[in-house]
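Okay, my_file_2.csv now, which holds CSV, N, CA and C atoms:
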```csv
chain,number,residue,atom,x,y,z
A,230,MET,N,0.8,-1.2,0.0
A,230,MET,CA,0.0,0.0,0.0
A,230,MET,C,0.9,1.2,0.0
A,231,SER,N,0.6,2.2,-0.9
A,231,SER,CA,1.4,3.4,-1.0
A,231,SER,C,0.7,4.5,-0.3
A,232,LEU,N,1.5,5.4,0.4
A,232,LEU,CA,0.9,6.5,1.1
A,232,LEU,C,1.1,7.7,0.2
A,233,SER,N,0.0,8.5,0.2
A,233,SER,CA,0.1,9.8,-0.6
A,233,SER,C,0.2,10.9,0.4
A,234,LEU,N,1.0,11.9,0.1
A,234,LEU,CA,1.2,13.1,1.0
A,234,LEU,C,0.1,14.1,0.7
A,235,GLN,N,-0.7,14.0,-0.4
A,235,GLN,CA,-1.7,15.0,-0.7
A,235,GLN,C,-2.9,14.7,0.2
A,236,PRO,N,-3.4,15.8,0.8
A,236,PRO,CA,-4.6,15.6,1.5
A,236,PRO,C,-5.8,15.1,0.7
A,237,PRO,N,-6.7,14.3,1.2
A,237,PRO,CA,-7.7,13.7,0.4
A,237,PRO,C,-8.7,14.6,-0.2
A,238,HIS,N,-8.9,15.9,0.4
A,238,HIS,CA,-9.9,16.8,-0.1
A,238,HIS,C,-9.4,17.6,-1.3
A,239,GLN,N,-8.2,17.4,-1.8
A,239,GLN,CA,-7.7,18.2,-2.9
A,239,GLN,C,-8.2,17.6,-4.2
A,240,GLN,N,-8.5,18.5,-5.1
A,240,GLN,CA,-8.9,18.2,-6.4
A,240,GLN,C,-7.7,18.1,-7.3
A,241,PRO,N,-7.8,17.3,-8.4
A,241,PRO,CA,-6.6,17.2,-9.3
A,241,PRO,C,-6.4,18.5,-10.0
A,242,PRO,N,-5.2,18.9,-10.2
A,242,PRO,CA,-4.9,20.2,-10.9
A,242,PRO,C,-5.5,20.3,-12.3
A,243,GLN,N,-5.9,21.5,-12.7
A,243,GLN,CA,-6.4,21.7,-14.1
A,243,GLN,C,-5.3,22.3,-14.9
A,244,ARG,N,-5.5,22.3,-16.2
A,244,ARG,CA,-4.6,23.0,-17.1
A,244,ARG,C,-4.6,24.5,-16.9
A,245,GLN,N,-3.5,25.2,-17.0
A,245,GLN,CA,-3.4,26.6,-16.8
A,245,GLN,C,-3.9,27.4,-18.0
A,246,PRO,N,-4.9,28.2,-17.8
A,246,PRO,CA,-5.4,29.1,-18.8
A,246,PRO,C,-4.4,30.2,-19.0
A,247,SER,N,-4.4,30.9,-20.1
A,247,SER,CA,-3.5,32.0,-20.4
A,247,SER,C,-4.1,33.3,-20.1
A,248,LYS,N,-3.9,33.9,-18.9
A,248,LYS,CA,-4.4,35.2,-18.5
A,248,LYS,C,-3.3,36.0,-17.8
A,249,LEU,N,-3.6,37.3,-17.7
A,249,LEU,CA,-2.7,38.1,-17.0
A,249,LEU,C,-2.8,38.0,-15.5
A,250,PHE,N,-4.0,37.9,-15.0
A,250,PHE,CA,-4.3,37.8,-13.5
A,250,PHE,C,-5.3,36.7,-13.3
A,251,TYR,N,-5.1,36.0,-12.1
A,251,TYR,CA,-6.0,35.0,-11.7
A,251,TYR,C,-6.5,35.3,-10.3
A,252,ARG,N,-7.8,35.0,-10.0
A,252,ARG,CA,-8.3,35.1,-8.7
A,252,ARG,C,-8.0,33.9,-7.9
A,253,ILE,N,-8.1,34.0,-6.5
A,253,ILE,CA,-7.7,32.9,-5.7
A,253,ILE,C,-8.5,31.6,-6.0
A,254,GLY,N,-9.8,31.7,-6.4
A,254,GLY,CA,-10.6,30.6,-6.7
A,254,GLY,C,-10.1,29.9,-8.0
A,255,GLU,N,-9.6,30.7,-8.9
A,255,GLU,CA,-9.1,30.1,-10.2
A,255,GLU,C,-7.7,29.4,-9.9
A,256,VAL,N,-6.9,30.0,-9.1
A,256,VAL,CA,-5.6,29.4,-8.7
A,256,VAL,C,-5.9,28.1,-7.9
A,257,SER,N,-6.9,28.1,-7.1
A,257,SER,CA,-7.2,26.9,-6.3
A,257,SER,C,-7.6,25.8,-7.3
A,258,SER,N,-8.4,26.1,-8.3
A,258,SER,CA,-8.8,25.1,-9.3
A,258,SER,C,-7.7,24.6,-10.1
A,259,ILE,N,-6.8,25.5,-10.5
A,259,ILE,CA,-5.7,25.2,-11.4
A,259,ILE,C,-4.7,24.3,-10.6
A,260,THR,N,-4.4,24.6,-9.4
A,260,THR,CA,-3.4,23.9,-8.6
A,260,THR,C,-3.9,22.8,-7.8
A,261,GLY,N,-5.2,22.7,-7.6
A,261,GLY,CA,-5.7,21.6,-6.8
A,261,GLY,C,-5.6,21.8,-5.3
A,262,LEU,N,-5.3,23.1,-4.9
A,262,LEU,CA,-5.1,23.5,-3.5
A,262,LEU,C,-6.3,24.3,-3.0
A,263,GLU,N,-6.6,24.1,-1.8
A,263,GLU,CA,-7.7,24.9,-1.2
A,263,GLU,C,-7.2,26.4,-1.0
A,264,PRO,N,-8.2,27.4,-1.1
A,264,PRO,CA,-7.8,28.8,-0.9
A,264,PRO,C,-7.1,29.0,0.4
A,265,TYR,N,-7.5,28.4,1.5
A,265,TYR,CA,-6.9,28.6,2.8
A,265,TYR,C,-5.4,28.2,2.8
A,266,VAL,N,-5.1,27.2,2.0
A,266,VAL,CA,-3.7,26.7,1.9
A,266,VAL,C,-2.9,27.8,1.2
A,267,LEU,N,-3.4,28.4,0.1
A,267,LEU,CA,-2.8,29.4,-0.6
A,267,LEU,C,-2.5,30.6,0.3
A,268,ARG,N,-3.5,31.0,1.1
A,268,ARG,CA,-3.4,32.2,2.0
A,268,ARG,C,-2.3,31.9,3.0
A,269,TYR,N,-2.3,30.6,3.5
A,269,TYR,CA,-1.3,30.3,4.5
A,269,TYR,C,0.1,30.3,3.9
A,270,TRP,N,0.3,29.8,2.7
A,270,TRP,CA,1.6,29.8,2.1
A,270,TRP,C,2.1,31.2,1.9
A,271,GLU,N,1.2,32.2,1.7
A,271,GLU,CA,1.7,33.6,1.6
A,271,GLU,C,2.4,34.0,2.9
A,272,THR,N,2.0,33.5,4.0
A,272,THR,CA,2.7,33.9,5.3
A,272,THR,C,4.0,33.1,5.5
A,273,GLU,N,4.2,32.0,4.8
A,273,GLU,CA,5.3,31.2,5.0
A,273,GLU,C,6.4,31.4,3.9
A,274,PHE,N,6.0,31.8,2.7
A,274,PHE,CA,7.0,31.9,1.6
A,274,PHE,C,6.9,33.4,1.1
A,275,PRO,N,8.0,34.1,1.4
A,275,PRO,CA,8.1,35.5,1.0
A,275,PRO,C,7.8,35.9,-0.4
A,276,HIS,N,8.2,34.9,-1.3
A,276,HIS,CA,8.0,35.2,-2.8
A,276,HIS,C,6.6,35.0,-3.2
A,277,LEU,N,5.7,34.5,-2.4
A,277,LEU,CA,4.3,34.3,-2.7
A,277,LEU,C,3.5,35.5,-2.2
A,278,ARG,N,3.5,36.6,-2.9
A,278,ARG,CA,2.8,37.8,-2.4
A,278,ARG,C,2.0,38.3,-3.6
A,279,PRO,N,0.8,37.8,-3.8
A,279,PRO,CA,0.0,38.3,-4.9
A,279,PRO,C,-0.4,39.8,-4.7
A,280,GLU,N,-0.7,40.5,-5.7
A,280,GLU,CA,-1.2,41.8,-5.6
A,280,GLU,C,-2.6,41.7,-5.0
A,281,LYS,N,-3.0,42.8,-4.3
A,281,LYS,CA,-4.3,42.9,-3.8
A,281,LYS,C,-5.0,44.1,-4.3
A,282,ARG,N,-6.3,44.0,-4.7
A,282,ARG,CA,-7.1,45.1,-5.1
A,282,ARG,C,-7.5,45.9,-3.8
A,283,LYS,N,-8.1,47.1,-4.0
A,283,LYS,CA,-8.5,47.9,-2.9
A,283,LYS,C,-9.5,47.1,-2.0
A,284,SER,N,-10.3,46.2,-2.7
A,284,SER,CA,-11.3,45.4,-2.0
A,284,SER,C,-10.6,44.3,-1.2
A,285,GLY,N,-9.3,44.1,-1.4
A,285,GLY,CA,-8.6,43.0,-0.7
A,285,GLY,C,-8.5,41.7,-1.5
A,286,GLN,N,-9.1,41.7,-2.7
A,286,GLN,CA,-9.1,40.5,-3.5
A,286,GLN,C,-7.7,40.3,-4.1
A,287,ARG,N,-7.2,39.0,-3.9
A,287,ARG,CA,-5.9,38.7,-4.4
A,287,ARG,C,-5.9,38.5,-5.9
A,288,LEU,N,-4.9,39.0,-6.6
A,288,LEU,CA,-4.7,38.8,-8.0
A,288,LEU,C,-3.3,38.2,-8.2
A,289,TYR,N,-3.3,36.9,-8.7
A,289,TYR,CA,-2.1,36.2,-8.9
A,289,TYR,C,-1.7,36.3,-10.4
A,290,THR,N,-0.4,36.4,-10.6
A,290,THR,CA,0.2,36.5,-11.9
A,290,THR,C,0.6,35.0,-12.3
A,291,LYS,N,1.0,34.9,-13.6
A,291,LYS,CA,1.6,33.6,-14.1
A,291,LYS,C,2.8,33.2,-13.2
A,292,LYS,N,3.6,34.2,-12.9
A,292,LYS,CA,4.8,33.9,-12.1
A,292,LYS,C,4.4,33.4,-10.7
A,293,ASP,N,3.4,34.0,-10.1
A,293,ASP,CA,2.9,33.5,-8.8
A,293,ASP,C,2.4,32.1,-8.9
A,294,LEU,N,1.7,31.8,-10.0
A,294,LEU,CA,1.1,30.5,-10.2
A,294,LEU,C,2.3,29.5,-10.3
A,295,ASP,N,3.3,29.8,-11.1
A,295,ASP,CA,4.5,28.9,-11.2
A,295,ASP,C,5.2,28.7,-9.9
A,296,ASN,N,5.3,29.8,-9.1
A,296,ASN,CA,5.9,29.6,-7.8
A,296,ASN,C,5.1,28.7,-6.8
A,297,ILE,N,3.7,28.8,-6.9
A,297,ILE,CA,2.8,28.0,-6.1
A,297,ILE,C,3.0,26.5,-6.5
A,298,LEU,N,3.1,26.3,-7.8
A,298,LEU,CA,3.2,24.9,-8.3
A,298,LEU,C,4.6,24.3,-7.9
A,299,GLN,N,5.6,25.2,-7.8
A,299,GLN,CA,6.9,24.7,-7.4
A,299,GLN,C,6.9,24.4,-5.9
A,300,VAL,N,6.3,25.2,-5.1
A,300,VAL,CA,6.1,25.0,-3.7
A,300,VAL,C,5.4,23.7,-3.4
A,301,LYS,N,4.3,23.5,-4.2
A,301,LYS,CA,3.5,22.3,-4.1
A,301,LYS,C,4.3,21.1,-4.4
A,302,GLN,N,5.1,21.1,-5.4
A,302,GLN,CA,5.9,20.0,-5.8
A,302,GLN,C,7.0,19.7,-4.7
A,303,LEU,N,7.6,20.7,-4.2
A,303,LEU,CA,8.6,20.5,-3.1
A,303,LEU,C,7.9,19.9,-1.9
A,304,LEU,N,6.7,20.3,-1.5
A,304,LEU,CA,6.1,19.9,-0.3
A,304,LEU,C,5.5,18.5,-0.5
A,305,TYR,N,4.7,18.3,-1.5
A,305,TYR,CA,3.9,17.1,-1.7
A,305,TYR,C,4.7,15.9,-2.4
A,306,GLN,N,5.4,16.3,-3.4
A,306,GLN,CA,6.1,15.2,-4.2
A,306,GLN,C,7.5,14.9,-3.6
A,307,SER,N,8.3,16.0,-3.3
A,307,SER,CA,9.7,15.8,-2.9
A,307,SER,C,9.8,15.6,-1.4
A,308,GLY,N,8.7,15.8,-0.6
A,308,GLY,CA,8.7,15.6,0.8
A,308,GLY,C,9.4,16.6,1.7
A,309,TYR,N,9.6,17.8,1.2
A,309,TYR,CA,10.3,18.8,2.0
A,309,TYR,C,9.3,19.3,3.0
A,310,THR,N,9.9,19.8,4.1
A,310,THR,CA,9.1,20.5,5.1
A,310,THR,C,8.9,21.9,4.6
A,311,ILE,N,8.0,22.7,5.3
A,311,ILE,CA,7.9,24.1,4.8
A,311,ILE,C,9.2,24.9,5.0
A,312,SER,N,9.8,24.6,6.1
A,312,SER,CA,11.1,25.3,6.4
A,312,SER,C,12.2,24.9,5.3
A,313,GLY,N,12.2,23.6,5.0
A,313,GLY,CA,13.2,23.1,4.0
A,313,GLY,C,12.9,23.6,2.6
A,314,ALA,N,11.6,23.7,2.2
A,314,ALA,CA,11.2,24.3,0.9
A,314,ALA,C,11.5,25.7,0.9
A,315,ARG,N,11.3,26.5,2.0
A,315,ARG,CA,11.7,27.9,2.0
A,315,ARG,C,13.2,28.1,1.8
A,316,LYS,N,14.0,27.2,2.4
A,316,LYS,CA,15.5,27.3,2.3
A,316,LYS,C,15.9,27.0,0.8
A,317,LYS,N,15.2,26.0,0.3
A,317,LYS,CA,15.6,25.5,-1.1
A,317,LYS,C,15.2,26.7,-2.1
A,318,LEU,N,14.1,27.3,-1.9
A,318,LEU,CA,13.7,28.3,-2.8
A,318,LEU,C,14.5,29.6,-2.6
A,319,LYS,N,14.9,29.9,-1.4
A,319,LYS,CA,15.8,31.0,-1.1
A,319,LYS,C,17.2,30.8,-1.8
A,320,GLY,N,17.7,29.6,-1.7
A,320,GLY,CA,19.0,29.3,-2.4
A,320,GLY,C,18.9,29.4,-3.9
A,321,ARG,N,17.7,29.0,-4.4
A,321,ARG,CA,17.5,29.1,-5.9
A,321,ARG,C,17.6,30.6,-6.3
A,322,GLY,N,17.1,31.5,-5.5
A,322,GLY,CA,17.1,32.9,-5.9
A,322,GLY,C,18.5,33.4,-6.0
A,323,ARG,N,19.4,32.9,-5.0
A,323,ARG,CA,20.8,33.3,-5.0
A,323,ARG,C,21.5,32.8,-6.2
A,324,GLN,N,21.2,31.5,-6.5
A,324,GLN,CA,21.8,30.9,-7.7
A,324,GLN,C,21.4,31.6,-9.0
A,325,ASP,N,20.2,32.0,-9.1
A,325,ASP,CA,19.7,32.8,-10.3
A,325,ASP,C,20.5,34.1,-10.4
A,326,ALA,N,20.6,34.8,-9.2
A,326,ALA,CA,21.3,36.1,-9.2
A,326,ALA,C,22.8,35.9,-9.6
A,327,ASP,N,23.4,34.8,-9.0
A,327,ASP,CA,24.8,34.6,-9.4
A,327,ASP,C,25.0,34.2,-10.9
A,328,SER,N,24.1,33.5,-11.4
A,328,SER,CA,24.1,33.2,-12.8
A,328,SER,C,24.0,34.4,-13.7
A,329,VAL,N,23.1,35.3,-13.3
A,329,VAL,CA,22.9,36.6,-14.1
A,329,VAL,C,24.2,37.4,-14.0
A,330,LEU,N,24.8,37.5,-12.8
A,330,LEU,CA,26.0,38.3,-12.6
A,330,LEU,C,27.1,37.7,-13.5
A,331,GLU,N,27.3,36.4,-13.5
A,331,GLU,CA,28.3,35.7,-14.3
A,331,GLU,C,28.1,36.0,-15.7
A,332,THR,N,26.9,35.9,-16.2
A,332,THR,CA,26.6,36.2,-17.6
A,332,THR,C,26.9,37.6,-18.0
A,333,ALA,N,26.6,38.6,-17.1
A,333,ALA,CA,26.8,40.0,-17.3
A,333,ALA,C,28.3,40.2,-17.4
A,334,LYS,N,29.1,39.6,-16.4
A,334,LYS,CA,30.5,39.8,-16.4
A,334,LYS,C,31.2,39.3,-17.7
A,335,LYS,N,30.7,38.2,-18.2
A,335,LYS,CA,31.2,37.6,-19.4
A,335,LYS,C,30.9,38.5,-20.6
A,336,GLU,N,29.7,39.0,-20.7
A,336,GLU,CA,29.4,39.9,-21.8
A,336,GLU,C,30.2,41.2,-21.7
A,337,ILE,N,30.4,41.7,-20.5
A,337,ILE,CA,31.2,43.0,-20.4
A,337,ILE,C,32.6,42.7,-20.8
A,338,ARG,N,33.2,41.6,-20.5
A,338,ARG,CA,34.6,41.2,-20.9
A,338,ARG,C,34.6,41.1,-22.4
A,339,GLU,N,33.6,40.5,-23.1
A,339,GLU,CA,33.6,40.4,-24.5
A,339,GLU,C,33.5,41.8,-25.2
A,340,ILE,N,32.7,42.7,-24.6
A,340,ILE,CA,32.6,44.1,-25.1
A,340,ILE,C,33.9,44.8,-25.0
A,341,LEU,N,34.6,44.6,-23.8
A,341,LEU,CA,35.9,45.3,-23.6
A,341,LEU,C,36.9,44.8,-24.6
A,342,GLU,N,36.9,43.5,-24.9
A,342,GLU,CA,37.8,42.9,-25.9
A,342,GLU,C,37.5,43.5,-27.3
A,343,LEU,N,36.3,43.7,-27.6
A,343,LEU,CA,35.9,44.3,-28.9
A,343,LEU,C,36.4,45.8,-29.0
A,344,LEU,N,36.4,46.5,-27.9
A,344,LEU,CA,36.8,47.9,-27.9
A,344,LEU,C,38.3,48.1,-28.0
A,345,LYS,N,39.0,47.1,-27.6
A,345,LYS,CA,40.5,47.2,-27.6
A,345,LYS,C,41.1,47.3,-29.0
```
For this file, write the structure as structure tokens.
Amino acid sequence: MSLSLQPPHQQPPQRQPSKLFYRIGEVSSITGLEPYVLRYWETEFPHLRPEKRKSGQRLYTKKDLDNILQVKQLLYQSGYTISGARKKLKGRGRQDADSVLETAKKEIREILELLK
């Protein structure tokens, strides 16, 4: 018998529609996560901060949706704890920044060589 880490009340994820903004109910349907889980994750993961309208309604972008799906994968499929997933994602941001810096340095060196 295999154990599943997904809570039994979750719906299977749906295909992502192509929109600029998504409401929390749409994100819930797409990801298969309950809205209260999405709101809780906002308190635990600093990079999950959807915009809010004046009425307080959350508006998620495609990037927010991708981040939520990545957190879900780390927690439910990879077995990370919330703290572990937060550290993993924080490290990813540093790696991305380091990669961008290295690419910029390389391009600047190439430009300097052309100018000589």
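Between Leu298 (chain A) and the candidates A:Thr260, A:Lys345, A:Glu271, A:Gly254, the tightest atom-to-atom separation, counting only N, CA and C atoms, involves A:Thr260.
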Which residues, written as a tab-separated table (two decimals) with N, CA and C atoms, keeping the file's coordinate frame, have at least one atom at most 10 Å from Leu277 (chain A), with only C-alpha atoms counted and residues fewer than 2 positions away on the same chain left out?
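Printed below is part02.tsv as written:
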```tsv
chain	number	residue	atom	x	y	z
A	267	LEU	N	-3.40	28.40	0.10
A	267	LEU	CA	-2.80	29.40	-0.60
A	267	LEU	C	-2.50	30.60	0.30
A	268	ARG	N	-3.50	31.00	1.10
A	268	ARG	CA	-3.40	32.20	2.00
A	268	ARG	C	-2.30	31.90	3.00
A	269	TYR	N	-2.30	30.60	3.50
A	269	TYR	CA	-1.30	30.30	4.50
A	269	TYR	C	0.10	30.30	3.90
A	270	TRP	N	0.30	29.80	2.70
A	270	TRP	CA	1.60	29.80	2.10
A	270	TRP	C	2.10	31.20	1.90
A	271	GLU	N	1.20	32.20	1.70
A	271	GLU	CA	1.70	33.60	1.60
A	271	GLU	C	2.40	34.00	2.90
A	272	THR	N	2.00	33.50	4.00
A	272	THR	CA	2.70	33.90	5.30
A	272	THR	C	4.00	33.10	5.50
A	273	GLU	N	4.20	32.00	4.80
A	273	GLU	CA	5.30	31.20	5.00
A	273	GLU	C	6.40	31.40	3.90
A	274	PHE	N	6.00	31.80	2.70
A	274	PHE	CA	7.00	31.90	1.60
A	274	PHE	C	6.90	33.40	1.10
A	275	PRO	N	8.00	34.10	1.40
A	275	PRO	CA	8.10	35.50	1.00
A	275	PRO	C	7.80	35.90	-0.40
A	279	PRO	N	0.80	37.80	-3.80
A	279	PRO	CA	0.00	38.30	-4.90
A	279	PRO	C	-0.40	39.80	-4.70
A	280	GLU	N	-0.70	40.50	-5.70
A	280	GLU	CA	-1.20	41.80	-5.60
A	280	GLU	C	-2.60	41.70	-5.00
A	289	TYR	N	-3.30	36.90	-8.70
A	289	TYR	CA	-2.10	36.20	-8.90
A	289	TYR	C	-1.70	36.30	-10.40
A	292	LYS	N	3.60	34.20	-12.90
A	292	LYS	CA	4.80	33.90	-12.10
A	292	LYS	C	4.40	33.40	-10.70
A	293	ASP	N	3.40	34.00	-10.10
A	293	ASP	CA	2.90	33.50	-8.80
A	293	ASP	C	2.40	32.10	-8.90
A	294	LEU	N	1.70	31.80	-10.00
A	294	LEU	CA	1.10	30.50	-10.20
A	294	LEU	C	2.30	29.50	-10.30
A	296	ASN	N	5.30	29.80	-9.10
A	296	ASN	CA	5.90	29.60	-7.80
A	296	ASN	C	5.10	28.70	-6.80
A	297	ILE	N	3.70	28.80	-6.90
A	297	ILE	CA	2.80	28.00	-6.10
A	297	ILE	C	3.00	26.50	-6.50
A	300	VAL	N	6.30	25.20	-5.10
A	300	VAL	CA	6.10	25.00	-3.70
A	300	VAL	C	5.40	23.70	-3.40
```
Open item on the list: I'd like the interatomic distance between CA of Tyr251 (chain A) and CA of Leu288 (chain A), to a tenth of an Å.
Closed with: 5.5 Å
- [ ] State, in Å with one decimal place, the distance from CA of Glu255 (chain A) to atom N of Tyr309 (chain A).
- [x] 25.1 Å
- [ ] Name the residues of region 257-309 of chain A that fall into strand (DSSP E) according to DSSP on the backbone, using the chain letters and numbers of this document, as JSON, numbers by chain.
- [x] {"A": [280, 281, 287, 288]}
